[in-house]
Structures are given as C-alpha cells and as structure tokens.
$ cat final00.csv   # CSV, C-alpha atoms
chain,number,residue,atom,x,y,z
A,1,MET,CA,-3.5,4.9,32.0
A,2,LYS,CA,-5.6,3.8,35.0
A,3,LEU,CA,-9.0,2.4,35.3
A,4,SER,CA,-11.2,3.1,38.4
A,5,ARG,CA,-14.3,1.1,39.2
A,6,GLN,CA,-16.3,4.4,38.8
A,7,LEU,CA,-15.2,4.4,35.1
A,8,LYS,CA,-16.4,1.0,34.1
A,9,GLY,CA,-18.5,2.3,31.2
A,10,LEU,CA,-16.0,4.9,30.0
A,11,LEU,CA,-13.2,2.8,28.4
A,12,VAL,CA,-11.3,3.4,25.2
A,13,LEU,CA,-9.4,0.4,23.8
A,14,VAL,CA,-6.3,1.4,21.9
A,15,LEU,CA,-4.7,-1.4,19.9
A,16,ALA,CA,-1.0,-1.0,19.2
A,17,ILE,CA,2.4,-2.9,17.4
A,18,GLY,CA,2.9,-6.5,16.8
A,19,GLY,CA,0.1,-7.3,18.8
A,20,ILE,CA,0.3,-4.7,21.5
A,21,ALA,CA,-2.7,-3.0,23.4
A,22,SER,CA,-3.6,-0.7,26.3
A,23,VAL,CA,-6.7,0.6,28.1
A,24,THR,CA,-7.3,4.2,29.0
A,25,PRO,CA,-10.2,6.1,30.6
A,26,ALA,CA,-12.0,8.6,28.4
A,27,ALA,CA,-15.1,10.8,28.0
A,28,ALA,CA,-18.4,8.9,27.6
A,29,LYS,CA,-18.9,10.0,24.0
A,30,GLN,CA,-15.4,9.2,22.8
A,31,SER,CA,-15.4,6.5,20.1
A,32,SER,CA,-13.4,3.3,20.7
A,33,LYS,CA,-12.7,3.0,17.0
A,34,GLY,CA,-10.7,5.0,14.4
A,35,ILE,CA,-12.7,7.3,12.2
A,36,VAL,CA,-11.7,8.2,8.6
A,37,LEU,CA,-11.5,11.9,8.0
A,38,LYS,CA,-10.1,11.8,4.5
A,39,MET,CA,-9.5,8.9,2.0
A,40,THR,CA,-7.4,9.2,-1.1
A,41,LYS,CA,-6.6,6.7,-3.9
A,42,VAL,CA,-3.0,6.9,-5.1
A,43,THR,CA,-0.9,5.5,-7.8
A,44,THR,CA,0.4,2.1,-6.7
A,45,LYS,CA,3.9,2.5,-5.2
A,46,PRO,CA,6.3,0.0,-3.6
A,47,TYR,CA,7.3,0.3,0.1
A,48,HIS,CA,8.9,-1.9,2.7
A,49,ALA,CA,8.8,-2.0,6.5
A,50,THR,CA,10.5,-3.8,9.4
A,51,LYS,CA,8.1,-2.9,12.2
A,52,GLY,CA,4.6,-1.8,13.0
A,53,LYS,CA,1.1,-3.4,13.0
A,54,ILE,CA,-1.0,-3.8,9.9
A,55,TYR,CA,-4.7,-3.4,10.6
A,56,ARG,CA,-7.6,-5.1,8.9
A,57,ASN,CA,-9.6,-1.9,8.6
A,58,THR,CA,-9.6,1.8,9.2
A,59,SER,CA,-11.3,1.4,12.6
A,60,LEU,CA,-7.8,0.1,13.8
A,61,THR,CA,-9.4,-2.5,16.1
A,62,LYS,CA,-8.1,-5.7,14.5
A,63,VAL,CA,-4.5,-6.5,13.8
A,64,ALA,CA,-4.1,-8.5,10.6
A,65,HIS,CA,-0.3,-8.7,10.4
A,66,ASN,CA,2.9,-7.6,12.0
A,67,ALA,CA,5.3,-5.9,9.6
A,68,LYS,CA,8.4,-7.4,11.3
A,69,ASN,CA,7.3,-10.8,9.9
A,70,TYR,CA,7.7,-9.4,6.4
A,71,PRO,CA,11.2,-7.9,6.4
A,72,ARG,CA,12.0,-9.1,2.8
A,73,THR,CA,8.6,-8.3,1.3
A,74,THR,CA,7.8,-5.4,-1.0
A,75,LEU,CA,4.5,-3.8,0.1
A,76,TYR,CA,2.4,-2.0,-2.5
A,77,VAL,CA,0.4,1.0,-1.3
A,78,THR,CA,-2.8,2.0,-3.1
A,79,LYS,CA,-4.6,4.3,-0.7
A,80,HIS,CA,-3.9,7.0,2.0
A,81,ALA,CA,-6.2,7.9,4.8
A,82,THR,CA,-6.2,10.5,7.6
A,83,ILE,CA,-7.7,8.8,10.6
A,84,ARG,CA,-8.8,10.2,13.9
A,85,LYS,CA,-7.9,7.5,16.4
A,86,ALA,CA,-9.7,6.5,19.5
A,87,ASN,CA,-7.6,9.0,21.6
A,88,HIS,CA,-8.6,11.8,19.2
A,89,GLN,CA,-5.1,12.0,17.7
A,90,ARG,CA,-4.9,12.3,14.0
A,91,ALA,CA,-2.6,10.1,12.0
A,92,VAL,CA,-2.0,9.2,8.3
A,93,TYR,CA,-2.2,5.5,7.5
A,94,TYR,CA,-1.4,3.8,4.1
A,95,TYR,CA,-3.3,0.9,2.7
A,96,ILE,CA,-1.3,-2.1,1.4
A,97,GLY,CA,-3.5,-3.3,-1.4
A,98,LYS,CA,-1.4,-5.9,-3.0
A,99,GLY,CA,0.6,-8.9,-1.7
A,100,LYS,CA,0.4,-11.1,1.3
A,101,ALA,CA,0.2,-8.5,4.0
A,102,LYS,CA,-2.8,-6.5,3.0
A,103,GLY,CA,-4.1,-3.8,5.4
A,104,TRP,CA,-3.6,-0.4,7.0
A,105,ILE,CA,-0.2,0.7,8.5
A,106,TRP,CA,0.9,4.0,10.0
A,107,HIS,CA,2.9,5.7,7.3
A,108,GLY,CA,5.9,6.4,9.5
A,109,TYR,CA,6.7,2.7,9.6
A,110,LEU,CA,7.1,2.6,5.8
A,111,LYS,CA,10.1,3.3,3.6
A,112,ALA,CA,9.7,4.0,-0.1
A,113,GLY,CA,11.1,1.5,-2.6
A,114,LYS,CA,11.3,-2.2,-3.1
A,115,VAL,CA,13.2,-4.5,-0.8
A,116,ALA,CA,16.8,-5.0,-2.0
A,117,LYS,CA,17.6,-8.5,-3.3
A,118,LYS,CA,20.0,-10.6,-1.3
A,119,SER,CA,23.3,-11.6,-2.9
A,120,THR,CA,23.4,-15.3,-3.8
A,121,THR,CA,27.2,-15.6,-4.0
A,122,LYS,CA,27.8,-17.0,-0.5
A,123,SER,CA,24.9,-19.4,-0.6
A,124,THR,CA,26.1,-20.8,-3.9
A,125,GLN,CA,29.6,-21.3,-2.6
A,126,LYS,CA,28.3,-23.1,0.5
A,127,SER,CA,26.1,-25.3,-1.6
A,128,VAL,CA,29.1,-26.4,-3.8
A,129,GLN,CA,31.2,-27.0,-0.7
A,130,ALA,CA,28.4,-29.1,0.9
A,131,VAL,CA,28.1,-31.3,-2.2
A,132,ALA,CA,31.9,-31.9,-2.3
A,133,THR,CA,31.8,-32.8,1.4
A,134,THR,CA,29.1,-35.3,1.1
A,135,THR,CA,31.1,-37.4,-1.4
A,136,THR,CA,33.9,-38.1,1.2
A,137,ALA,CA,32.2,-38.0,4.6
A,138,THR,CA,30.0,-40.6,6.3
A,139,THR,CA,26.5,-39.5,6.7
A,140,THR,CA,25.2,-39.7,10.3
A,141,THR,CA,21.7,-39.0,11.6
A,142,GLN,CA,21.5,-36.4,14.4
A,143,PRO,CA,18.7,-36.6,16.9
A,144,THR,CA,16.2,-33.7,16.7
A,145,THR,CA,15.2,-31.9,19.8
A,146,LYS,CA,12.0,-29.8,20.2
A,147,THR,CA,12.7,-26.5,21.9
A,148,ALA,CA,10.2,-25.8,24.7
A,149,PHE,CA,8.9,-22.4,25.5
A,150,ASP,CA,10.4,-21.1,28.8
A,151,ALA,CA,7.8,-18.8,30.1
A,152,ALA,CA,9.6,-18.1,33.4
A,153,LYS,CA,12.7,-17.0,31.5
A,154,MET,CA,10.8,-14.8,29.1
A,155,SER,CA,9.0,-13.1,32.0
A,156,GLN,CA,12.3,-12.5,33.8
A,157,ASN,CA,13.8,-11.0,30.6
A,158,PHE,CA,10.7,-8.8,30.2
A,159,LEU,CA,10.5,-7.6,33.8
A,160,ALA,CA,14.3,-6.8,33.9
A,161,ILE,CA,14.0,-4.4,31.0
A,162,VAL,CA,10.8,-2.7,32.3
A,163,ASN,CA,12.2,-2.2,35.7
A,164,GLN,CA,15.4,-0.7,34.3
A,165,GLU,CA,13.3,1.8,32.4
A,166,ARG,CA,11.2,2.6,35.5
A,167,ALA,CA,14.5,3.3,37.4
A,168,LYS,CA,15.5,5.7,34.7
A,169,VAL,CA,12.5,7.8,35.4
A,170,GLY,CA,12.7,7.5,39.1
A,171,VAL,CA,9.8,5.0,39.6
A,172,ALA,CA,9.9,2.0,41.9
A,173,PRO,CA,10.2,-1.5,40.3
A,174,LEU,CA,7.2,-3.6,39.6
A,175,THR,CA,6.7,-6.7,41.7
A,176,LEU,CA,5.6,-9.9,40.0
A,177,ASN,CA,2.3,-11.1,41.4
A,178,SER,CA,1.4,-14.8,41.0
A,179,LYS,CA,-2.4,-14.2,41.0
A,180,LEU,CA,-2.1,-11.5,38.3
A,181,THR,CA,0.2,-13.8,36.3
A,182,ASN,CA,-2.5,-16.5,36.4
A,183,LEU,CA,-5.0,-14.0,35.1
A,184,ALA,CA,-2.5,-12.8,32.4
A,185,ASN,CA,-2.0,-16.3,31.3
A,186,GLN,CA,-5.7,-16.7,30.8
A,187,ARG,CA,-5.9,-13.3,28.9
A,188,ALA,CA,-3.1,-14.5,26.6
A,189,LYS,CA,-5.1,-17.7,25.9
A,190,ASP,CA,-8.3,-15.6,25.3
A,191,ASN,CA,-6.5,-13.8,22.5
A,192,ALA,CA,-5.1,-17.0,21.1
A,193,ASP,CA,-8.6,-18.4,20.9
A,194,ILE,CA,-9.8,-15.5,18.7
A,195,ASN,CA,-6.5,-15.3,16.7
A,196,THR,CA,-6.1,-11.6,17.3
A,197,LEU,CA,-5.8,-9.0,20.1
A,198,SER,CA,-8.7,-7.6,22.0
A,199,HIS,CA,-9.5,-6.4,25.5
A,200,THR,CA,-13.2,-7.1,25.2
A,201,ASP,CA,-15.5,-10.0,24.3
A,202,ALA,CA,-17.9,-10.1,21.4
A,203,GLN,CA,-20.4,-8.0,23.5
A,204,GLY,CA,-17.9,-5.3,24.3
A,205,ASN,CA,-17.4,-6.4,27.9
A,206,ALA,CA,-13.8,-5.9,29.4
A,207,MET,CA,-12.4,-9.4,29.8
A,208,PHE,CA,-10.2,-8.4,32.7
A,209,GLU,CA,-13.3,-7.3,34.7
A,210,LYS,CA,-15.1,-10.6,33.8
A,211,GLU,CA,-12.2,-12.8,34.8
A,212,ALA,CA,-10.4,-10.9,37.6
A,213,ASP,CA,-12.6,-12.3,40.5
A,214,GLN,CA,-12.0,-15.9,39.7
A,215,PHE,CA,-8.2,-15.3,40.0
A,216,GLY,CA,-8.5,-13.4,43.3
A,217,VAL,CA,-7.6,-10.0,41.9
A,218,GLY,CA,-11.0,-8.4,41.7
A,219,ASN,CA,-10.5,-5.7,44.4
A,220,TRP,CA,-8.5,-3.4,42.2
A,221,LEU,CA,-8.5,0.4,42.2
A,222,THR,CA,-6.3,1.0,39.2
A,223,TRP,CA,-5.7,-1.3,36.3
A,224,SER,CA,-3.9,-1.4,32.9
A,225,GLU,CA,-3.4,-4.1,30.3
A,226,CYS,CA,-1.0,-4.5,27.4
A,227,LEU,CA,-1.3,-7.2,24.7
A,228,TYR,CA,1.2,-8.6,22.3
A,229,MET,CA,1.5,-11.4,19.7
A,230,SER,CA,4.3,-12.6,17.4
A,231,GLY,CA,4.8,-15.3,14.9
A,232,TYR,CA,7.9,-17.6,15.4
A,233,ASP,CA,10.2,-19.9,13.7
A,234,SER,CA,11.9,-21.1,16.9
A,235,LEU,CA,10.7,-20.9,20.5
A,236,SER,CA,14.2,-20.1,21.6
A,237,PHE,CA,13.6,-16.5,20.4
A,238,ASN,CA,13.7,-13.9,23.2
A,239,PHE,CA,10.0,-13.0,23.2
A,240,GLY,CA,10.4,-11.3,26.6
A,241,LYS,CA,12.8,-8.8,25.3
A,242,ASP,CA,10.9,-8.4,22.0
A,243,ALA,CA,7.6,-7.6,23.9
A,244,ALA,CA,9.3,-5.2,26.3
A,245,ASP,CA,11.0,-3.4,23.4
A,246,GLY,CA,7.8,-3.2,21.5
A,247,TYR,CA,5.8,-1.7,24.5
A,248,LEU,CA,8.5,0.7,25.6
A,249,TYR,CA,10.4,1.8,22.5
A,250,ASP,CA,8.2,1.0,19.5
A,251,ASP,CA,4.9,2.4,20.5
A,252,ALA,CA,4.5,5.6,18.5
A,253,ASP,CA,1.4,4.1,16.8
A,254,SER,CA,-0.5,4.2,20.0
A,255,ASN,CA,1.0,7.5,21.2
A,256,TRP,CA,3.2,5.6,23.7
A,257,GLY,CA,0.2,4.3,25.6
A,258,HIS,CA,1.8,1.0,26.5
A,259,ARG,CA,5.0,2.7,27.7
A,260,LEU,CA,2.9,4.9,30.0
A,261,ASN,CA,1.2,1.8,31.4
A,262,LEU,CA,4.5,0.1,32.2
A,263,ILE,CA,6.3,3.1,33.7
A,264,SER,CA,3.3,4.5,35.7
A,265,SER,CA,4.0,5.1,39.3
A,266,GLU,CA,0.4,4.3,40.1
A,267,THR,CA,0.9,0.6,39.4
A,268,THR,CA,3.1,-1.6,41.6
A,269,GLN,CA,2.1,-5.1,40.8
A,270,ILE,CA,2.4,-6.9,37.5
A,271,GLY,CA,1.2,-10.2,36.0
A,272,ILE,CA,3.0,-11.5,32.9
A,273,GLY,CA,1.2,-14.2,30.9
A,274,TRP,CA,2.1,-16.3,27.9
A,275,TYR,CA,0.4,-18.7,25.5
A,276,VAL,CA,1.9,-20.6,22.6
A,277,LYS,CA,-0.4,-21.5,19.8
A,278,SER,CA,1.6,-24.1,17.9
A,279,GLY,CA,-1.0,-24.5,15.1
A,280,THR,CA,-0.4,-21.0,13.9
A,281,HIS,CA,3.2,-20.7,15.2
A,282,THR,CA,2.2,-17.6,17.3
A,283,VAL,CA,3.1,-16.5,20.8
A,284,TYR,CA,0.7,-14.4,22.8
A,285,ASN,CA,1.6,-12.2,25.8
A,286,ALA,CA,-0.7,-10.3,28.2
A,287,ILE,CA,0.5,-7.8,30.8
A,288,ASP,CA,-1.9,-6.9,33.6
A,289,GLN,CA,-1.0,-4.3,36.2
A,290,THR,CA,-2.7,-3.1,39.4
A,291,ASN,CA,-2.0,-0.7,42.2
$ encode --input "final00.csv" --output "structure tokens"
Amino acid sequence: MKLSRQLKGLLVLVLAIGGIASVTPAAAKQSSKGIVLKMTKVTTKPYHATKGKIYRNTSLTKVAHNAKNYPRTTLYVTKHATIRKANHQRAVYYYIGKGKAKGWIWHGYLKAGKVAKKSTTKSTQKSVQAVATTTTATTTTQPTTKTAFDAAKMSQNFLAIVNQERAKVGVAPLTLNSKLTNLANQRAKDNADINTLSHTDAQGNAMFEKEADQFGVGNWLTWSECLYMSGYDSLSFNFGKDAADGYLYDDADSNWGHRLNLISSETTQIGIGWYVKSGTHTVYNAIDQTN
C-alpha cells in the first residue's frame, strides 16, 4: 500500500465503502477501472442492504450512494455482472435497477427479500398521549441550537480506534501530523467540490502529488490515502468511529486495501481531514499517511 516517487505513473486507484478509497502501486498495463467479464439480465427480485457502496457504473470508479443511508428501502435487482476489479480480483456485483438507489453493489452486501415493515402500535400510542397532554399543558417555545461539527473530537475518535488495531498486530501507533492534516482537509474539500470520491483530477493526475508541496509534505518516500463520505441528519453523529470502522472492518469490497493502509508498519505519520458540505448534508473525510 505504498507509493514511491519512482512509481508515479504506475498507480491503481481502488474506490471502496461509504465513500472509502486507497492507492496501491501496480504494473504499468494494469487498468484503473473495473472490467465486465460477464453480464446477465435476471428476473427482478427484491433485496435489502445496510452497508456497502453503490457505484454508478461497472468500472467501479464513481460512488453513487451508500447503502447504509437506505436501511429501510427495498432494492430491486435486475442484472448480475462478474467484474474484474482494478486489482485483478474477480467479484460479482448486482445492479439495482429500480428505486432511489440505482447502481452496482457487491452481492455480498445484499440480503434477499423486502424490508420488513415497522410496527405502528407504539407510535400511535405516543401520538394519542401527546394530543391528550397538549390539552392540559402550557405550550412553551424551546430555543433551537445548531450542532457544530467537532473535527478535533472526530479525529481523536478515529485515531484511537486505528492505533488500537495497530497495537493488536504489533505495529507502532500513528502520530498525528499537522501539515498532513492541513493537506487532508484540502483533500476532503476537493472531494466535496466534485460531490464524489476520487484520488485524481479530471486529467488523471494524483491530487496528493499536486498539492503536497504547498502544505510542506512533498518530500515523501511512501504514501497512502483513504477517502470517505457519509450523509447525515445530525453533526453530533460519531463520524470518526464510523470512518474507522468502515476502513478497518467493512472493507471487503476493496479486498481490505484501506485496512492495510492504516495498519501498515511502513507509515508512521497521519493526517486526518474533514469537510462538511451543508448543502447536501454530507461529511467528507480524507486520510493521508507518509513514512
């Protein structure tokens, strides 16, 4: 999971869950996109999922949705495809052809059947009680407070989990680097600007390499990057833990590339960046590591 300056032109970008991504060196002729080996139309069947990325196309380079944002949604599959991913591993993906969350998802994240309906008994009882209460109580207006995003706290939560995992495998803890963090903040904003996750610009140039020098971290020997995004209802949600869990424990879709980045003994410094895009209610995270 390392990148040497001698390997600048030999990168494979591997996008992973909820907005996650990693960079690995590869042979010069290796494709940076998924390639369809077999495509089959199937009878439309209902499924549901609680995790995993849903991609826009079979090249698996653009994330369209995160399945964890659709826990109560029935997903209707209309196609199956065997895809050779950028790392030359084969995997079967299903196409969600109907509903809000259209796109391709690894079949292992799906469970057959419709989402079970929630019971309405409790909510009905609460509604009746609420109506009864309002007839006897005096109504008061409570001040509303807007929750601010605590980047420092989220980074602390993230790093604590990662270093615990590194300790389990006998690897020294990562040290938070302020310069790398400034770069990671910019990388998170880069992805917010394009509303998706990508290590490269429109011309295919690695953004880390373009921006590293201006943040004083251009003299790297090894480098890895992970990317994450998540929708939100409240900024009090523990995004630090959620991102760490995704990278470390929910990374089968990228063959555990992000986990390998984070527990690698070859990296010692880490930058943890965040960007909140309030217009789309999305939080972006970037992790940049060096030796």
$ residues_around --input "final00.csv" --residues "Pro173 of chain A" --least-positions-apart "6" --cutoff "8 Å" --atoms "only C-alpha atoms" --output "short mmCIF file (atom, residue, chain, number, x, y, z; two decimals) with C-alpha atoms, in the coordinates of the input"
data_model
loop_
_atom_site.label_atom_id
_atom_site.label_comp_id
_atom_site.auth_asym_id
_atom_site.auth_seq_id
_atom_site.Cartn_x
_atom_site.Cartn_y
_atom_site.Cartn_z
CA ASN A 163 12.20 -2.20 35.70
CA GLN A 164 15.40 -0.70 34.30
CA ARG A 166 11.20 2.60 35.50
CA ALA A 167 14.50 3.30 37.40
CA THR A 268 3.10 -1.60 41.60
#
$ atom_distance --input "final00.csv" --atom1 "atom CA of Lys277 of chain A" --atom2 "atom CA of Met229 of chain A"
10.3 Å
$ closest_residue --input "final00.csv" --among "A:Val92, A:Ala64, A:Val42, A:Leu110" --to "Lys79 of chain A" --atoms "all atoms listed in the file"
A:Val42
$ residues_around --input "final00.csv" --residues "Phe215 of chain A" --least-positions-apart "4" --cutoff "8 Å" --atoms "all atoms listed in the file" --output "JSON, numbers by chain"
{"A": [179, 180, 182, 183, 211]}
$ write_last_selection --input "final00.csv" --atoms "C-alpha atoms" --output "mmCIF file, in the coordinates of the input"
data_model
loop_
_atom_site.group_PDB
_atom_site.id
_atom_site.type_symbol
_atom_site.label_atom_id
_atom_site.label_comp_id
_atom_site.auth_asym_id
_atom_site.auth_seq_id
_atom_site.Cartn_x
_atom_site.Cartn_y
_atom_site.Cartn_z
ATOM 1 C CA LYS A 179 -2.400 -14.200 41.000
ATOM 2 C CA LEU A 180 -2.100 -11.500 38.300
ATOM 3 C CA ASN A 182 -2.500 -16.500 36.400
ATOM 4 C CA LEU A 183 -5.000 -14.000 35.100
ATOM 5 C CA GLU A 211 -12.200 -12.800 34.800
#
$ residues_around --input "final00.csv" --residues "Leu262 of chain A" --least-positions-apart "6" --cutoff "9 Å" --atoms "all atoms listed in the file" --output "VMD selection string"
chain A and resid 162 to 163 165 to 166 174 224 226 247 to 248 287 289
$ atom_distance --input "final00.csv" --atom1 "atom CA of Leu159 of chain A" --atom2 "atom CA of Phe208 of chain A"
20.7 Å
$ closest_residue --input "final00.csv" --among "A:Asn285, A:Thr147, A:Thr280, A:Asn291" --to "Phe237 of chain A" --atoms "all atoms listed in the file"
A:Thr147
$ atom_distance --input "final00.csv" --atom1 "atom CA of Ser198 of chain A" --atom2 "atom CA of Leu176 of chain A"
23.1 Å
$ residues_around --input "final00.csv" --residues "Lys111 of chain A" --least-positions-apart "6" --cutoff "8 Å" --atoms "only C-alpha atoms" --output "ChimeraX atom specification"
/A:47-49
